[in-house]
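Novice: The file below is model15.csv, CSV, C-alpha atoms:
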chain,number,residue,atom,x,y,z
A,1,MET,CA,75.3,153.1,47.7
A,2,THR,CA,77.9,150.4,48.2
A,3,THR,CA,77.9,147.0,46.5
A,4,SER,CA,80.0,144.8,48.9
A,5,LEU,CA,80.8,141.3,47.7
A,6,SER,CA,78.2,138.6,48.1
A,7,TYR,CA,79.0,135.2,49.6
A,8,ARG,CA,79.1,133.6,46.1
A,9,GLU,CA,81.4,136.3,44.8
A,10,LYS,CA,83.8,135.9,47.7
A,11,THR,CA,84.0,132.1,47.0
A,12,LEU,CA,84.8,132.9,43.3
A,13,TYR,CA,87.7,135.1,44.2
A,14,ALA,CA,88.9,132.4,46.6
A,15,SER,CA,88.7,129.8,43.8
A,16,LEU,CA,90.6,132.1,41.4
A,17,VAL,CA,93.3,132.7,44.0
A,18,ALA,CA,93.6,128.9,44.7
A,19,GLU,CA,93.8,128.2,41.0
A,20,ILE,CA,96.5,130.7,40.4
A,21,ILE,CA,98.5,129.6,43.5
A,22,VAL,CA,98.4,125.9,42.5
A,23,TYR,CA,98.4,125.9,38.7
A,24,GLY,CA,100.7,128.9,38.2
A,25,PRO,CA,103.9,127.3,39.4
A,26,TYR,CA,102.9,124.0,37.7
A,27,PHE,CA,102.6,125.4,34.3
A,28,PHE,CA,105.1,128.3,34.4
A,29,LEU,CA,107.9,126.5,36.2
A,30,HIS,CA,107.7,123.5,33.8
A,31,GLN,CA,106.7,120.9,36.4
A,32,GLN,CA,104.8,118.7,34.0
A,33,ASN,CA,107.2,115.8,34.1
A,34,SER,CA,105.5,113.2,36.3
A,35,VAL,CA,102.1,111.8,37.0
A,36,ASN,CA,102.7,112.2,40.8
A,37,LYS,CA,103.0,116.0,40.3
A,38,VAL,CA,99.6,116.0,38.5
A,39,ALA,CA,98.0,114.0,41.3
A,40,GLY,CA,99.7,116.2,43.9
A,41,MET,CA,98.3,119.3,42.2
A,42,ILE,CA,94.8,117.9,42.1
A,43,ILE,CA,95.0,117.1,45.9
A,44,ALA,CA,96.5,120.6,46.6
A,45,ILE,CA,93.7,122.4,44.7
A,46,ILE,CA,91.0,120.4,46.5
A,47,VAL,CA,92.6,121.0,50.0
A,48,LEU,CA,93.2,124.7,49.3
A,49,GLN,CA,89.6,125.2,48.0
A,50,VAL,CA,88.1,123.5,51.0
A,51,VAL,CA,90.1,125.5,53.4
A,52,LEU,CA,89.4,128.8,51.7
A,53,GLN,CA,85.6,128.0,51.4
A,54,LEU,CA,85.5,127.1,55.1
A,55,VAL,CA,87.2,130.4,56.1
A,56,ILE,CA,84.8,132.4,53.9
A,57,ALA,CA,81.8,130.5,55.2
A,58,ALA,CA,82.9,131.1,58.8
A,59,PHE,CA,83.3,134.9,58.3
A,60,THR,CA,80.1,135.5,56.2
A,61,ARG,CA,76.9,135.8,58.1
A,62,ASN,CA,74.5,136.0,55.1
A,63,ARG,CA,75.1,133.0,52.8
A,64,VAL,CA,72.0,133.3,50.7
A,65,THR,CA,72.2,132.4,47.0
A,66,ASP,CA,69.4,133.3,44.6
A,67,GLU,CA,68.3,133.0,41.0
A,68,ARG,CA,70.9,135.6,39.8
A,69,ASP,CA,73.7,133.6,41.4
A,70,ARG,CA,72.4,130.5,39.5
A,71,LEU,CA,72.2,132.4,36.2
A,72,ILE,CA,75.7,133.7,36.6
A,73,GLU,CA,76.9,130.2,37.5
A,74,LEU,CA,75.3,128.8,34.3
A,75,ARG,CA,77.0,131.5,32.2
A,76,GLY,CA,80.3,130.6,33.7
A,77,TYR,CA,79.8,126.9,32.9
A,78,ARG,CA,78.8,127.8,29.3
A,79,ALA,CA,82.0,129.8,28.9
A,80,GLY,CA,84.1,127.0,30.4
A,81,TYR,CA,82.5,124.4,28.1
A,82,LEU,CA,83.1,126.6,25.0
A,83,MET,CA,86.7,126.9,26.1
A,84,VAL,CA,87.1,123.1,26.4
A,85,ALA,CA,85.5,122.5,23.0
A,86,SER,CA,87.6,125.2,21.3
A,87,LEU,CA,90.9,124.0,22.9
A,88,MET,CA,90.1,120.4,22.0
A,89,VAL,CA,89.6,121.4,18.3
A,90,VAL,CA,92.9,123.4,18.4
A,91,GLY,CA,94.6,120.4,20.0
A,92,LEU,CA,93.3,118.0,17.5
A,93,ALA,CA,94.3,120.3,14.6
A,94,MET,CA,97.8,120.5,16.0
A,95,LEU,CA,97.9,116.7,16.4
A,96,TRP,CA,96.9,116.3,12.8
A,97,PHE,CA,99.4,118.9,11.7
A,98,HIS,CA,102.3,117.1,13.5
A,99,ALA,CA,101.1,113.7,12.2
A,100,THR,CA,101.1,115.0,8.6
A,101,MET,CA,104.6,116.6,9.1
A,102,GLY,CA,105.9,113.2,10.4
A,103,GLN,CA,106.7,114.8,13.8
A,104,LEU,CA,104.3,112.6,15.9
A,105,HIS,CA,106.4,109.9,17.6
A,106,LEU,CA,103.9,107.7,19.4
A,107,ASP,CA,106.7,105.3,20.4
A,108,ASN,CA,108.1,108.0,22.7
A,109,PRO,CA,107.8,106.7,26.3
A,110,LYS,CA,106.9,110.2,27.5
A,111,ILE,CA,104.0,110.6,25.0
A,112,GLY,CA,101.4,109.6,27.6
A,113,LEU,CA,102.6,112.2,30.1
A,114,HIS,CA,102.6,114.8,27.3
A,115,PHE,CA,99.0,114.1,26.4
A,116,LEU,CA,98.0,114.1,30.1
A,117,SER,CA,99.7,117.5,30.5
A,118,VAL,CA,97.8,118.9,27.5
A,119,PHE,CA,94.4,117.6,28.7
A,120,PHE,CA,95.1,118.8,32.2
A,121,GLY,CA,96.1,122.2,30.8
A,122,ILE,CA,92.8,122.4,28.8
A,123,LEU,CA,90.8,121.6,32.0
A,124,VAL,CA,92.7,124.2,34.0
A,125,ILE,CA,92.3,127.0,31.3
A,126,SER,CA,88.6,126.2,31.1
A,127,ASP,CA,88.2,126.2,34.9
A,128,ILE,CA,89.9,129.6,35.1
A,129,THR,CA,87.7,130.9,32.2
A,130,LYS,CA,84.6,129.7,34.1
A,131,THR,CA,85.6,131.4,37.3
A,132,ALA,CA,86.7,134.6,35.6
A,133,THR,CA,83.5,134.8,33.5
A,134,GLN,CA,81.4,134.5,36.7
A,135,ILE,CA,83.5,137.3,38.4
A,136,VAL,CA,83.0,139.6,35.4
A,137,ALA,CA,79.3,138.9,35.4
A,138,TYR,CA,79.1,139.8,39.1
A,139,ARG,CA,81.1,143.0,38.6
A,140,ARG,CA,78.9,144.1,35.7
A,141,ALA,CA,75.9,143.3,37.9
A,142,LEU,CA,75.2,140.6,35.2
B,143,MET,CA,66.7,151.9,27.6
B,144,PRO,CA,66.1,148.4,29.1
B,145,ALA,CA,63.1,146.3,28.0
B,146,ILE,CA,62.0,145.9,31.6
B,147,ARG,CA,62.1,148.9,33.9
B,148,ASN,CA,61.0,149.3,37.4
B,149,GLN,CA,60.2,151.7,40.2
B,150,VAL,CA,61.6,149.5,43.0
B,151,LYS,CA,64.0,152.1,44.3
B,152,GLU,CA,61.3,154.8,44.5
B,153,LEU,CA,58.7,152.5,46.1
B,154,ARG,CA,61.2,151.2,48.6
B,155,ALA,CA,62.3,154.7,49.6
B,156,LEU,CA,58.6,155.7,50.1
B,157,ARG,CA,58.1,152.8,52.5
B,158,GLU,CA,61.5,153.4,54.2
B,159,ILE,CA,62.7,149.8,53.6
B,160,THR,CA,66.4,149.2,53.2
B,161,GLN,CA,67.8,147.1,50.3
B,162,GLN,CA,68.8,144.4,52.8
B,163,GLU,CA,65.3,144.3,54.3
B,164,LEU,CA,63.7,143.9,50.9
B,165,ALA,CA,66.2,141.3,49.9
B,166,ASP,CA,65.6,139.3,53.1
B,167,ARG,CA,61.8,139.4,52.6
B,168,VAL,CA,62.0,138.4,49.0
B,169,GLY,CA,64.7,135.8,49.5
B,170,VAL,CA,67.4,137.2,47.3
B,171,THR,CA,70.8,138.8,48.0
B,172,ARG,CA,71.2,142.6,48.5
B,173,GLN,CA,73.3,142.6,45.3
B,174,THR,CA,70.4,141.3,43.4
B,175,VAL,CA,68.1,144.1,44.7
B,176,ILE,CA,70.8,146.6,43.7
B,177,ALA,CA,71.1,145.1,40.2
B,178,ILE,CA,67.3,145.2,39.8
B,179,GLU,CA,67.1,148.9,40.9
B,180,GLN,CA,69.9,149.8,38.5
B,181,ASP,CA,67.9,148.0,35.6
B,182,LYS,CA,70.9,145.7,35.1
B,183,TYR,CA,69.0,142.5,36.0
B,184,SER,CA,65.4,141.5,35.1
B,185,PRO,CA,64.1,139.2,37.8
B,186,SER,CA,62.1,136.1,37.2
B,187,LEU,CA,58.3,136.4,37.3
B,188,GLU,CA,58.2,134.8,40.7
B,189,THR,CA,60.7,137.3,42.2
B,190,ALA,CA,59.0,140.2,40.5
B,191,PHE,CA,55.6,139.2,42.1
B,192,LYS,CA,57.3,138.8,45.5
B,193,VAL,CA,58.9,142.3,45.2
B,194,ALA,CA,55.6,143.9,44.2
B,195,LEU,CA,53.8,142.0,47.1
B,196,GLU,CA,56.4,143.2,49.6
B,197,LEU,CA,56.1,146.8,48.3
B,198,GLY,CA,52.3,146.5,48.5
B,199,VAL,CA,51.6,147.5,44.8
B,200,PRO,CA,50.3,145.6,41.8
B,201,LEU,CA,53.0,144.1,39.6
B,202,GLU,CA,52.5,146.6,36.7
B,203,GLN,CA,53.0,149.5,39.0
B,204,CYS,CA,56.4,148.1,40.1
B,205,PHE,CA,57.6,146.7,36.7
B,206,GLN,CA,56.9,147.9,33.2
B,207,TYR,CA,57.7,146.3,29.9
B,208,ASP,CA,58.9,148.5,27.0
B,209,PRO,CA,58.8,146.5,23.7
B,210,LYS,CA,61.2,149.0,22.1
B,211,GLY,CA,63.7,148.6,25.0
B,212,LYS,CA,67.0,146.7,24.7
B,213,ARG,CA,66.8,143.1,25.9
Here is the file; what I need is its structure written in the form of structure tokens.

Specialist:
Amino acid sequence: MTTSLSYREKTLYASLVAEIIVYGPYFFLHQQNSVNKVAGMIIAIIVLQVVLQLVIAAFTRNRVTDERDRLIELRGYRAGYLMVASLMVVGLAMLWFHATMGQLHLDNPKIGLHFLSVFFGILVISDITKTATQIVAYRRAL
Amino acid sequence: MPAIRNQVKELRALREITQQELADRVGVTRQTVIAIEQDKYSPSLETAFKVALELGVPLEQCFQYDPKGKR
């Protein structure tokens, strides 16, 4: 008995690949130094996702989704939300810590970009958590 | 043991229906049929009724609830 990948599962792997290809260099090559790069990344991830989804849709005959797919999707969103909430609490705690230590320099001209980078990072980590949770749920058959 | 067990695999084999055929008739993916047969996924009431209907048996002959089972 084989359990080949369903349409939804293929799209999830494609999303994970797109996220790693686009976000990986951004975060690990320290490219967080301009708003244009953030905007470029958002455009890149959208274009890459659309292209990959189109390719998968073109090569998959059976594109049925059912109640189990929706349940797994909800589980993924719950995991993603919990990650956003947790990271926001950690971020606020770090902000408070830096403020009490006198290390928070709000007059720094790069502070806006720094905050943007942190928020974007939280969104990216949460998105990857969501996708990974869904893939694990599919692999465990839920 | 799971709380909801089923005889889908046996009933399907008796009627010589493939997993894909049953999935198509019920309106779910083949992976969902596999998960149901392996007792890894408990379908909704609507899907359970559809499966029983397609296999031509009453619901309770297809799915059984064990109150001592793991949810």

Novice: Do a neighbour search on Pro185 (chain B) at 8 Å with only C-alpha atoms, toss out local chain neighbours closer than 5 positions, and write the hits as a list in words.

Specialist: Arg68 of chain A; Ile178 and Ala190 of chain B

Novice: For the selection just defined, write its residues with C-alpha atoms to a file, as an mmCIF file, keeping the file's coordinate frame.

Specialist:
data_model
loop_
_atom_site.group_PDB
_atom_site.id
_atom_site.type_symbol
_atom_site.label_atom_id
_atom_site.label_comp_id
_atom_site.auth_asym_id
_atom_site.auth_seq_id
_atom_site.Cartn_x
_atom_site.Cartn_y
_atom_site.Cartn_z
ATOM 1 C CA ARG A 68 70.900 135.600 39.800
ATOM 2 C CA ILE B 178 67.300 145.200 39.800
ATOM 3 C CA ALA B 190 59.000 140.200 40.500
#

Novice: Set the distance at 12 Å and use all atoms listed in the file: which residues neighbour Leu195 (chain B) once local chain neighbours fewer than 3 positions away are removed? I'd like the list as a PyMOL selection string.

Specialist: chain B and resi 150+153-154+164+167-168+188-192+198-204

Novice: Please identify every residue of chain A that has at least one atom no more than 12 Å from any atom of chain B, counting all atoms listed in the file, and report them as a ChimeraX atom specification.

Specialist: /A:1-9,62-72,137-142

Novice: My list of candidates is A:Ala85, A:Tyr77, A:Leu29, A:Thr11. Which is closest to Gln49 (chain A) when distances are computed with only C-alpha atoms?

Specialist: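 The shortest atom-to-atom distance to Gln49 (chain A) comes from A:Thr11.
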
Novice: Mind checking which residues fall within 8 Å of Met83 (chain A), counting all atoms listed in the file, ignoring those fewer than 3 positions away in the same chain, and posting them as number ranges by chain?

Specialist: A: 79-80, 86-87, 125-126, 129

Novice: Using C-alpha atoms, can you export the residues from the last selection as a PDB file, keeping the file's coordinate frame?

Specialist:
ATOM      1  CA  ALA A  79      82.000 129.800  28.900  1.00  0.00           C
ATOM      2  CA  GLY A  80      84.100 127.000  30.400  1.00  0.00           C
ATOM      3  CA  SER A  86      87.600 125.200  21.300  1.00  0.00           C
ATOM      4  CA  LEU A  87      90.900 124.000  22.900  1.00  0.00           C
ATOM      5  CA  ILE A 125      92.300 127.000  31.300  1.00  0.00           C
ATOM      6  CA  SER A 126      88.600 126.200  31.100  1.00  0.00           C
ATOM      7  CA  THR A 129      87.700 130.900  32.200  1.00  0.00           C
TER       8      THR A 129
END

Novice: Grab the CA of Ile46 (chain A) to CA of Leu12 (chain A) distance for me, in Å with one decimal place.

Specialist: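 About the pair CA of Ile46 (chain A) and CA of Leu12 (chain A): they are 14.3 Å apart.
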
Novice: To one decimal place, how far is CA of Glu19 (chain A) from CA of Asp127 (chain A) in Å?

Specialist: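 One can read the CA of Glu19 (chain A) to CA of Asp127 (chain A) distance as 8.5 Å.
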
Novice: Within 12 Å of Leu95 (chain A), counting only C-alpha atoms, which residues show up once you throw out same-chain ones fewer than 6 positions away? Write them as an MDAnalysis selection string, please.

Specialist: chainID A and resid 88:89 101:106 115 118

Novice: Interatomic distance between CA of Val136 (chain A) and CA of Gln162 (chain B)?

Specialist: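 Computing the Euclidean distance for CA of Val136 (chain A) and CA of Gln162 (chain B) yields 23.0 Å.
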
Novice: So that I can see what lies close to Gly121 (chain A), please list as a list in words the residues with an atom at most 12 Å from it, counting all atoms listed in the file and leaving out residues fewer than 6 positions away in the same chain.

Specialist: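 Skipping anything fewer than 6 positions along the chain leaves Tyr23, Gly24, Tyr26, Phe27, Phe28, Gln32, Val38, Met41, Met83, Val84, Leu87, Met88, Gly91, Leu113, His114, Phe115, Asp127 and Ile128 of chain A.
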
Novice: Which of these, B:Glu163, B:Glu158, B:Asn148, B:Val175, has the shortest distance to Tyr207 (chain B) once you count only C-alpha atoms?

Specialist: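 Of all the options, B:Asn148 lies closest to Tyr207 (chain B).
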
Novice: Counting only C-alpha atoms, which residues sit no farther than 9 Å from the position (62.9, 148.5, 25.3) in the file's frame? I'd like them as a list in words.

Specialist: Met143, Pro144, Ala145, Ile146, Arg147, Tyr207, Asp208, Pro209, Lys210, Gly211, Lys212 and Arg213 of chain B
